[in-house]
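Participant: Sharing work.tsv below, TSV, C-alpha atoms and all ligand atoms:
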chain	number	residue	atom	x	y	z
A	1	MET	CA	-45.88	57.16	-69.18
A	2	ASN	CA	-48.21	58.71	-66.62
A	3	LEU	CA	-48.94	56.06	-64.00
A	4	ASP	CA	-50.67	58.64	-61.82
A	5	LEU	CA	-53.61	58.02	-64.15
A	6	LEU	CA	-54.21	54.81	-62.16
A	7	THR	CA	-54.72	56.86	-58.99
A	8	THR	CA	-56.93	59.33	-60.85
A	9	LEU	CA	-59.00	56.46	-62.23
A	10	ARG	CA	-59.51	55.00	-58.78
A	11	GLU	CA	-60.41	58.41	-57.34
A	12	GLN	CA	-62.82	59.34	-60.12
A	13	ASN	CA	-64.40	55.90	-60.68
A	14	PRO	CA	-65.47	56.84	-64.24
A	15	ILE	CA	-68.48	55.19	-65.85
A	16	VAL	CA	-67.49	53.16	-68.89
A	17	PHE	CA	-70.40	52.39	-71.19
A	18	ASN	CA	-69.81	49.14	-73.10
A	19	ILE	CA	-71.57	47.67	-76.04
A	20	ALA	CA	-70.04	44.30	-75.30
A	21	ASN	CA	-70.07	40.89	-76.93
A	22	PHE	CA	-72.07	38.15	-75.22
A	23	VAL	CA	-69.02	35.89	-74.76
A	24	THR	CA	-66.90	38.03	-72.45
A	25	VAL	CA	-69.31	40.61	-71.08
A	26	GLN	CA	-68.80	39.51	-67.49
A	27	ASP	CA	-65.00	39.53	-67.70
A	28	VAL	CA	-65.20	43.08	-68.99
A	29	ALA	CA	-67.65	44.27	-66.31
A	30	ASN	CA	-65.71	42.65	-63.48
A	31	GLY	CA	-62.33	43.76	-64.80
A	32	LEU	CA	-63.48	47.38	-65.02
A	33	ASN	CA	-64.96	47.18	-61.55
A	34	ALA	CA	-61.83	45.59	-60.09
A	35	ILE	CA	-59.47	48.24	-61.37
A	36	GLY	CA	-61.70	51.03	-60.05
A	37	ALA	CA	-63.97	52.05	-62.91
A	38	SER	CA	-67.75	51.71	-63.08
A	39	PRO	CA	-69.02	49.51	-65.92
A	40	ILE	CA	-72.43	49.71	-67.54
A	41	MET	CA	-73.64	47.58	-70.43
A	42	SER	CA	-76.63	48.33	-72.65
A	43	ALA	CA	-78.04	46.68	-75.75
A	44	GLU	CA	-80.99	49.04	-76.23
A	45	PRO	CA	-80.70	51.86	-78.80
A	46	ILE	CA	-83.53	53.82	-77.15
A	47	GLU	CA	-81.45	54.52	-74.05
A	48	ALA	CA	-78.33	55.55	-76.01
A	49	PRO	CA	-78.68	59.27	-75.12
A	50	ASP	CA	-78.86	58.53	-71.39
A	51	MET	CA	-75.96	56.06	-71.56
A	52	VAL	CA	-73.67	58.46	-73.42
A	53	LYS	CA	-74.62	61.33	-71.09
A	54	ILE	CA	-73.50	59.50	-67.95
A	55	ALA	CA	-70.43	57.86	-69.51
A	56	GLY	CA	-66.85	59.06	-69.13
A	57	ALA	CA	-65.86	56.86	-72.06
A	58	ILE	CA	-67.39	54.29	-74.40
A	59	CYS	CA	-66.11	50.90	-75.52
A	60	LEU	CA	-67.61	49.42	-78.69
A	61	ASN	CA	-66.87	45.73	-79.14
A	62	LEU	CA	-67.67	44.13	-82.50
A	63	GLY	CA	-67.40	40.55	-81.17
A	64	THR	CA	-70.96	39.31	-81.65
A	65	LEU	CA	-72.42	42.10	-83.69
A	66	THR	CA	-76.10	42.09	-84.73
A	67	GLN	CA	-77.58	44.59	-87.18
A	68	ARG	CA	-79.57	46.13	-84.32
A	69	GLN	CA	-76.29	46.65	-82.43
A	70	VAL	CA	-74.78	48.29	-85.48
A	71	GLU	CA	-77.62	50.83	-85.46
A	72	GLN	CA	-77.11	51.31	-81.72
A	73	MET	CA	-73.37	51.87	-82.24
A	74	LYS	CA	-74.00	54.50	-84.92
A	75	VAL	CA	-76.27	56.50	-82.63
A	76	VAL	CA	-73.94	56.08	-79.65
A	77	GLY	CA	-70.88	57.03	-81.71
A	78	GLN	CA	-72.42	60.20	-83.06
A	79	LEU	CA	-73.72	61.30	-79.65
A	80	ALA	CA	-70.33	60.58	-78.09
A	81	ASN	CA	-68.59	62.71	-80.73
A	82	GLN	CA	-71.01	65.59	-80.11
A	83	GLN	CA	-70.33	65.40	-76.37
A	84	GLN	CA	-66.55	64.83	-76.75
A	85	LYS	CA	-66.68	61.47	-75.00
A	86	PRO	CA	-63.81	59.19	-76.08
A	87	ILE	CA	-64.68	55.99	-77.95
A	88	VAL	CA	-62.54	52.84	-78.00
A	89	LEU	CA	-63.28	50.38	-80.79
A	90	ASP	CA	-62.40	46.69	-80.52
A	91	PRO	CA	-62.67	45.22	-84.04
A	92	VAL	CA	-62.93	41.57	-82.91
A	93	ALA	CA	-62.20	39.16	-85.79
A	94	VAL	CA	-62.70	41.93	-88.33
A	95	GLY	CA	-60.92	39.83	-90.96
A	96	ALA	CA	-63.15	36.80	-90.41
A	97	SER	CA	-66.18	37.88	-92.46
A	98	THR	CA	-67.13	40.44	-95.09
A	99	TYR	CA	-70.01	41.51	-92.82
A	100	ARG	CA	-67.67	42.41	-89.94
A	101	HIS	CA	-65.29	44.17	-92.26
A	102	ASP	CA	-68.03	46.24	-93.92
A	103	VAL	CA	-69.58	47.14	-90.57
A	104	ALA	CA	-66.24	48.23	-89.11
A	105	GLN	CA	-65.56	50.44	-92.15
A	106	ARG	CA	-69.03	51.98	-91.98
A	107	LEU	CA	-68.76	52.70	-88.26
A	108	LEU	CA	-65.34	54.29	-88.70
A	109	GLU	CA	-66.81	56.53	-91.43
A	110	THR	CA	-69.81	57.49	-89.27
A	111	PHE	CA	-67.96	58.70	-86.17
A	112	LYS	CA	-64.45	59.37	-84.91
A	113	VAL	CA	-62.84	57.01	-82.44
A	114	ALA	CA	-60.15	57.90	-79.90
A	115	VAL	CA	-58.49	54.47	-79.90
A	116	ILE	CA	-58.68	51.25	-81.91
A	117	ARG	CA	-57.44	48.23	-79.90
A	118	GLY	CA	-56.96	44.91	-81.65
A	119	ASN	CA	-54.49	42.09	-82.18
A	120	ALA	CA	-52.11	41.97	-85.15
A	121	GLY	CA	-54.63	40.26	-87.46
A	122	GLU	CA	-57.36	42.79	-86.67
A	123	ILE	CA	-55.16	45.87	-86.99
A	124	ALA	CA	-53.54	44.60	-90.21
A	125	THR	CA	-57.00	43.96	-91.71
A	126	LEU	CA	-58.14	47.50	-90.88
A	127	ALA	CA	-54.86	48.92	-92.18
A	128	GLY	CA	-55.35	47.01	-95.46
A	129	ILE	CA	-52.11	45.08	-95.03
A	130	ASP	CA	-51.79	41.42	-95.98
A	131	TRP	CA	-52.03	39.11	-92.94
A	132	GLN	CA	-53.41	35.63	-92.21
A	133	ALA	CA	-55.76	36.45	-89.34
A	134	LYS	CA	-57.40	33.47	-87.61
A	135	GLY	CA	-60.88	34.14	-86.26
A	136	ILE	CA	-60.57	36.02	-82.98
A	137	ASP	CA	-56.84	35.26	-82.83
A	138	ALA	CA	-53.94	37.24	-84.26
A	139	GLY	CA	-52.97	34.55	-86.81
A	140	SER	CA	-49.71	34.95	-88.68
A	141	GLY	CA	-47.95	37.36	-90.96
A	142	ASP	CA	-44.50	38.71	-91.58
A	143	GLY	CA	-45.25	42.41	-91.66
A	144	ASP	CA	-43.60	44.95	-89.36
A	145	LEU	CA	-46.03	45.36	-86.46
A	146	ILE	CA	-45.00	48.95	-85.79
A	147	LYS	CA	-45.60	49.92	-89.44
A	148	ILE	CA	-48.95	48.11	-89.42
A	149	ALA	CA	-50.09	49.93	-86.29
A	150	GLN	CA	-48.89	53.29	-87.64
A	151	THR	CA	-50.64	52.74	-90.98
A	152	CYS	CA	-53.89	52.00	-89.16
A	153	ALA	CA	-53.52	55.04	-86.88
A	154	LEU	CA	-52.85	57.38	-89.82
A	155	LYS	CA	-55.72	55.89	-91.83
A	156	TYR	CA	-58.31	56.41	-89.09
A	157	HIS	CA	-56.72	59.45	-87.38
A	158	CYS	CA	-56.66	57.88	-83.95
A	159	VAL	CA	-54.44	56.09	-81.47
A	160	VAL	CA	-53.94	52.39	-82.21
A	161	VAL	CA	-53.05	49.62	-79.79
A	162	LEU	CA	-51.79	46.52	-81.58
A	163	SER	CA	-51.63	44.00	-78.74
A	164	GLY	CA	-49.78	40.71	-78.48
A	165	PRO	CA	-46.52	39.46	-76.92
A	166	THR	CA	-45.46	43.11	-77.29
A	167	ASP	CA	-48.11	45.81	-77.31
A	168	VAL	CA	-47.50	48.54	-79.86
A	169	VAL	CA	-49.16	51.87	-79.07
A	170	THR	CA	-49.04	54.66	-81.63
A	171	ASP	CA	-50.76	57.80	-82.80
A	172	GLY	CA	-49.15	57.34	-86.22
A	173	LYS	CA	-45.98	59.25	-85.29
A	174	ARG	CA	-45.07	58.46	-81.71
A	175	VAL	CA	-44.60	54.77	-80.86
A	176	ILE	CA	-44.36	53.06	-77.46
A	177	GLN	CA	-43.87	49.33	-77.04
A	178	VAL	CA	-44.88	47.47	-73.87
A	179	HIS	CA	-42.90	44.26	-73.53
A	180	ASN	CA	-44.59	43.00	-70.36
A	181	GLY	CA	-47.25	40.31	-70.23
A	182	THR	CA	-47.60	36.55	-70.22
A	183	PRO	CA	-48.69	33.99	-72.85
A	184	LEU	CA	-51.41	32.93	-70.39
A	185	PHE	CA	-53.44	35.91	-71.59
A	186	GLN	CA	-53.96	33.98	-74.81
A	187	LEU	CA	-55.41	31.00	-72.93
A	188	HIS	CA	-58.22	33.13	-71.52
A	189	VAL	CA	-60.82	34.31	-74.02
A	190	GLY	CA	-61.63	37.90	-73.24
A	191	SER	CA	-58.15	39.23	-72.44
A	192	GLY	CA	-58.30	41.51	-75.46
A	193	ASP	CA	-61.82	42.69	-74.68
A	194	LEU	CA	-60.72	43.44	-71.15
A	195	LEU	CA	-57.76	45.45	-72.41
A	196	SER	CA	-60.02	47.48	-74.72
A	197	SER	CA	-62.37	48.35	-71.86
A	198	LEU	CA	-59.43	49.28	-69.62
A	199	VAL	CA	-58.11	51.55	-72.37
A	200	ALA	CA	-61.57	53.18	-72.38
A	201	ALA	CA	-61.46	53.61	-68.59
A	202	PHE	CA	-58.09	55.37	-68.82
A	203	THR	CA	-59.27	57.65	-71.67
A	204	ALA	CA	-62.06	58.79	-69.33
A	205	VAL	CA	-59.51	60.27	-66.93
A	206	SER	CA	-56.69	61.36	-69.25
A	207	GLY	CA	-58.10	64.62	-70.61
A	208	ASP	CA	-57.63	64.27	-74.35
A	209	ASP	CA	-54.28	62.48	-74.12
A	210	TYR	CA	-55.48	59.16	-75.51
A	211	PHE	CA	-51.94	58.07	-76.41
A	212	GLU	CA	-50.98	58.28	-72.75
A	213	ALA	CA	-54.20	56.58	-71.65
A	214	ALA	CA	-53.69	53.66	-74.03
A	215	GLN	CA	-50.09	52.98	-73.00
A	216	THR	CA	-50.93	53.16	-69.32
A	217	ALA	CA	-53.77	50.65	-69.74
A	218	CYS	CA	-51.50	48.26	-71.68
A	219	LEU	CA	-48.74	48.46	-69.09
A	220	VAL	CA	-51.02	48.05	-66.08
A	221	LEU	CA	-52.78	44.99	-67.51
A	222	ALA	CA	-49.60	43.35	-68.80
A	223	VAL	CA	-47.73	43.79	-65.50
A	224	THR	CA	-50.76	42.56	-63.57
A	225	GLY	CA	-50.78	39.36	-65.61
A	226	GLN	CA	-47.05	38.94	-65.13
A	227	LEU	CA	-47.37	39.26	-61.35
A	228	VAL	CA	-50.17	36.69	-61.26
A	229	VAL	CA	-48.17	34.16	-63.25
A	230	LYS	CA	-45.15	34.60	-60.98
A	231	GLN	CA	-47.13	32.94	-58.15
A	232	MET	CA	-48.33	29.97	-60.25
A	233	THR	CA	-46.61	26.60	-60.44
A	234	ALA	CA	-48.22	25.53	-63.75
A	235	ASP	CA	-50.22	27.12	-66.59
A	236	ARG	CA	-53.79	27.29	-65.24
A	237	PRO	CA	-55.97	29.50	-67.44
A	238	GLY	CA	-58.96	29.39	-65.04
A	239	THR	CA	-56.91	30.28	-61.98
A	240	PHE	CA	-55.14	32.95	-64.02
A	241	ALA	CA	-58.43	34.64	-64.92
A	242	PHE	CA	-59.65	34.64	-61.30
A	243	GLU	CA	-56.39	35.89	-59.89
A	244	LEU	CA	-56.05	38.50	-62.61
A	245	LEU	CA	-59.28	40.03	-61.35
A	246	ASP	CA	-58.01	40.12	-57.75
A	247	LYS	CA	-54.67	41.57	-58.78
A	248	LEU	CA	-56.27	44.26	-60.95
A	249	HIS	CA	-57.90	45.48	-57.76
A	250	LEU	CA	-54.71	45.34	-55.71
A	251	ILE	CA	-52.01	46.40	-58.17
A	252	THR	CA	-50.00	49.45	-57.11
A	253	ILE	CA	-48.16	52.06	-59.11
A	254	GLU	CA	-44.92	50.93	-57.42
A	255	GLU	CA	-45.40	47.34	-58.65
A	256	VAL	CA	-46.09	48.56	-62.19
A	257	LYS	CA	-43.01	50.82	-62.12
A	258	ARG	CA	-40.81	48.02	-60.77
A	259	LEU	CA	-41.64	45.59	-63.58
A	260	ALA	CA	-42.28	47.99	-66.45
A	261	SER	CA	-40.45	47.07	-69.64
A	262	ILE	CA	-41.17	49.70	-72.26
A	263	SER	CA	-39.29	51.17	-75.20
B	1	LIG	N1	-47.66	35.91	-75.90
B	1	LIG	C1	-47.98	36.92	-75.09
B	1	LIG	N2	-47.10	37.34	-74.16
B	1	LIG	C2	-47.39	38.34	-73.33
B	1	LIG	N3	-48.58	39.01	-73.33
B	1	LIG	C3	-49.50	38.66	-74.23
B	1	LIG	C4	-49.25	37.61	-75.17
B	1	LIG	N4	-50.33	37.49	-75.95
B	1	LIG	C5	-51.21	38.42	-75.54
B	1	LIG	N5	-50.71	39.13	-74.51
B	1	LIG	C6	-51.43	40.19	-73.77
B	1	LIG	O1	-52.79	39.80	-73.73
B	1	LIG	C7	-53.66	40.92	-73.76
B	1	LIG	C8	-54.69	40.72	-74.85
B	1	LIG	O2	-54.07	40.87	-76.09
B	1	LIG	P1	-54.36	39.97	-77.35
B	1	LIG	O3	-54.21	38.53	-77.02
B	1	LIG	O4	-53.52	40.52	-78.44
B	1	LIG	O5	-55.89	40.33	-77.66
B	1	LIG	P2	-57.05	39.47	-78.30
B	1	LIG	O6	-57.56	38.63	-77.15
B	1	LIG	O7	-58.05	40.48	-78.74
B	1	LIG	O8	-56.47	38.66	-79.41
B	1	LIG	C9	-52.75	42.12	-73.94
B	1	LIG	O9	-52.58	42.71	-72.67
B	1	LIG	C10	-51.42	41.54	-74.44
B	1	LIG	O10	-50.33	42.30	-74.02
B	2	LIG	C1	-64.92	33.85	-78.84
B	2	LIG	C2	-65.57	35.08	-79.33
B	2	LIG	N1	-66.42	35.04	-80.38
B	2	LIG	C3	-66.93	36.21	-80.68
B	2	LIG	S1	-66.40	37.44	-79.66
B	2	LIG	C4	-65.44	36.35	-78.79
B	2	LIG	C5	-64.58	36.80	-77.66
B	2	LIG	C6	-63.31	37.45	-78.13
B	2	LIG	O1	-62.52	37.83	-77.02
B	2	LIG	P1	-61.03	38.35	-77.14
B	2	LIG	O2	-60.89	39.11	-78.40
B	2	LIG	O3	-60.86	39.24	-75.96
B	2	LIG	O4	-60.12	37.16	-77.07
B	3	MG	MG	-59.94	40.34	-79.38
Can you give me the file's structure in the form of structure tokens?
Ligand SMILES: Nc1ncnc2c1ncn2[C@@H]1O[C@H](COP(=O)(O)OP(=O)(O)O)[C@@H](O)[C@H]1O
Ligand SMILES: Cc1ncsc1CCOP(=O)(O)O
Ligand SMILES: [Mg+2]
Facilitator:
Amino acid sequence: MNLDLLTTLREQNPIVFNIANFVTVQDVANGLNAIGASPIMSAEPIEAPDMVKIAGAICLNLGTLTQRQVEQMKVVGQLANQQQKPIVLDPVAVGASTYRHDVAQRLLETFKVAVIRGNAGEIATLAGIDWQAKGIDAGSGDGDLIKIAQTCALKYHCVVVLSGPTDVVTDGKRVIQVHNGTPLFQLHVGSGDLLSSLVAAFTAVSGDDYFEAAQTACLVLAVTGQLVVKQMTADRPGTFAFELLDKLHLITIEEVKRLASIS
């Protein structure tokens, strides 16, 4: 795990271009800003070439996808591939409708992504493995999460982050598990979207080592949440979200190293 990437990120302040959902767009923008990246959001296909040109990485979030956004994503994805800019795809609730599922498949056929980041239900759906996903939530299933993540990674030739109580990061062969975190992440809508955008920020500064970028993002966010919760006397999702933002700005490599629980 290369935690120096956090320093590099803060030094380079990479632009992360997000096609975000309208629910959590502000969490994503503020989270990226707090950690030391530079967010930009755009919903206009016409400016796709300019957005991709200035971006260090791109995060495509399928959360509230319109057909116009799908067209925008196709253009953005192809331009990003031509310019070797890494793309992170967040397949929000991909199992919840045929529309989402079809769109996700079509996008993944149109351009290559560096990382797919989703919860167990989303990654199992993309992998074609039986799972009872529940809307935006992971839902339930009894499959082996490592196998599910690996199947998805091999199917789409990319790094996969299957997040949850333990984050599984894999390129299909290598597997790292991040055991840090707190259940309070689940009480704040947007935790997953934030993680996806942070993965994108780290891919912007990791050369082409997207496996390394993804694990670093998972560990930094999970430890940050853990440190926030340590100070709280009761489960307060609102306070957690505010303090998470502050701590993302303040977190040090030493703190991450001290609490890291990976295998
Ligand atoms: N029960 C949990 N314990 C610890 N960390 C968790 C738990 N559930 C989710 N997380 C963390 O929350 C973040 C968002 O992941 P997740 O909840 O899987 O995404 P989504 O919001 O897309 O469903 C990740 O950093 C993950 O590690
Ligand atoms: C509630 C909701 N509906 C469509 S997108 C969205 C936000 C999903 O956020 P996350 O996947 O980070 O929990
Ligand atoms: Mg999600």
Participant: What does the distance from CA of Ala260 in chain A to CA of Asn61 in chain A come to in Å, to one decimal?
Facilitator: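 Distance reported for this atom pair: 27.8 Å.
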Participant: Considering all atoms listed in the file, can you say which of A:Val178, A:Leu187, A:Leu198, A:Met73 comes closest to ligand LIG 2 (chain B)?
Facilitator: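 Result for the nearest residue to ligand LIG 2 (chain B): A:Leu187.
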Participant: Closest to Asn13 in chain A among A:Val205, A:Gly238, A:Gln78, A:Arg100, using all atoms listed in the file?
Facilitator: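 Ranking A:Val205, A:Gly238, A:Gln78, A:Arg100 by distance to Asn13 in chain A, first place goes to A:Val205.
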Participant: Take CA of Leu248 in chain A and CA of Ala34 in chain A and report the distance between them in Å, one decimal.
Facilitator: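 It comes out at 5.8 Å.
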Participant: Which residues are near ligand LIG 1 (chain B) - at most 6 Å, using all atoms listed in the file? Format: as number ranges by chain.
Facilitator: A: 118-119, 137-138, 163-167, 181-183, 185-186, 190-193, 195, 218, 221-222
Participant: Mind listing as an NGL selection string all residues within 12 Å of (-59.5, 59.0, -70.3), counting all atoms listed in the file?
Facilitator: :A and (2 or 5-6 or 8-9 or 12-16 or 37 or 55-59 or 84-88 or 114-115 or 197-217)
Participant: Could you please determine the separation between CA of Asp4 in chain A and CA of Lys247 in chain A in Å, to one decimal place?
Facilitator: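 Computed distance, CA of Asp4 in chain A to CA of Lys247 in chain A, equals 17.8 Å.
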Participant: For range 101-103 of chain A, please output as an MDAnalysis selection string all residues within 12 Å (counting all atoms listed in the file; exclusion window: fewer than 2 positions along the same chain).
Facilitator: chainID A and resid 61:71 73:74 91:99 105:110 122:128
Participant: Here is a test: counting only C-alpha atoms, which residue of A:Ala43, A:Val159, A:Met51, A:Val113 is nearest to Leu89 in chain A?
Facilitator: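 For Leu89 in chain A, the nearest of the candidates is A:Val113.
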Participant: Counting only C-alpha atoms, write as a list in words all protein and nucleic acid residues lying at most 9 Å from (-48.1, 35.5, -65.5) in the file's frame.
Facilitator: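 Looking at atoms near the point gives Gly181, Thr182, Pro183, Leu184, Phe185, Ala222, Val223, Thr224, Gly225, Gln226, Leu227, Val228, Val229, Lys230, Gln231, Met232, Asp235, Phe240 and Leu244 of chain A.
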Participant: Just add N, CA and C atoms to range 131-147 of chain A and send it as a compact mmCIF listing (two decimals), keeping the file's coordinate frame.
Facilitator:
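Okay, this is what ended up in part_37.txt:
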# COMPACT_ATOMS: atom_id res chain seq x y z
N TRP A 131 -52.27 39.83 -94.20
CA TRP A 131 -52.03 39.11 -92.94
C TRP A 131 -52.98 37.92 -92.89
N GLN A 132 -52.53 36.79 -92.34
CA GLN A 132 -53.41 35.63 -92.21
C GLN A 132 -54.03 35.62 -90.81
N ALA A 133 -55.07 36.41 -90.64
CA ALA A 133 -55.76 36.45 -89.34
C ALA A 133 -56.50 35.12 -89.16
N LYS A 134 -56.74 34.75 -87.88
CA LYS A 134 -57.40 33.47 -87.61
C LYS A 134 -58.54 33.67 -86.62
N GLY A 135 -59.73 33.93 -87.14
CA GLY A 135 -60.88 34.14 -86.26
C GLY A 135 -60.62 35.27 -85.28
N ILE A 136 -60.81 34.97 -83.99
CA ILE A 136 -60.57 36.02 -82.98
C ILE A 136 -59.09 36.16 -82.65
N ASP A 137 -58.27 35.24 -83.18
CA ASP A 137 -56.84 35.26 -82.83
C ASP A 137 -56.00 36.05 -83.85
N ALA A 138 -54.79 36.37 -83.43
CA ALA A 138 -53.94 37.24 -84.26
C ALA A 138 -53.54 36.58 -85.58
N GLY A 139 -53.41 35.23 -85.59
CA GLY A 139 -52.97 34.55 -86.81
C GLY A 139 -51.50 34.81 -87.08
N SER A 140 -51.14 34.79 -88.38
CA SER A 140 -49.71 34.95 -88.68
C SER A 140 -49.50 35.87 -89.88
N GLY A 141 -48.33 36.45 -89.88
CA GLY A 141 -47.95 37.36 -90.96
C GLY A 141 -46.52 37.78 -90.74
N ASP A 142 -45.91 38.34 -91.78
CA ASP A 142 -44.50 38.71 -91.58
C ASP A 142 -44.29 40.22 -91.69
N GLY A 143 -45.40 40.96 -91.58
CA GLY A 143 -45.25 42.41 -91.66
C GLY A 143 -44.64 43.00 -90.39
N ASP A 144 -44.16 44.22 -90.51
CA ASP A 144 -43.60 44.95 -89.36
C ASP A 144 -44.76 45.50 -88.53
N LEU A 145 -44.87 45.02 -87.29
CA LEU A 145 -46.03 45.36 -86.46
C LEU A 145 -46.13 46.86 -86.18
N ILE A 146 -44.98 47.51 -86.05
CA ILE A 146 -45.00 48.95 -85.79
C ILE A 146 -45.57 49.69 -87.01
N LYS A 147 -45.11 49.27 -88.20
CA LYS A 147 -45.60 49.92 -89.44
C LYS A 147 -47.09 49.67 -89.61
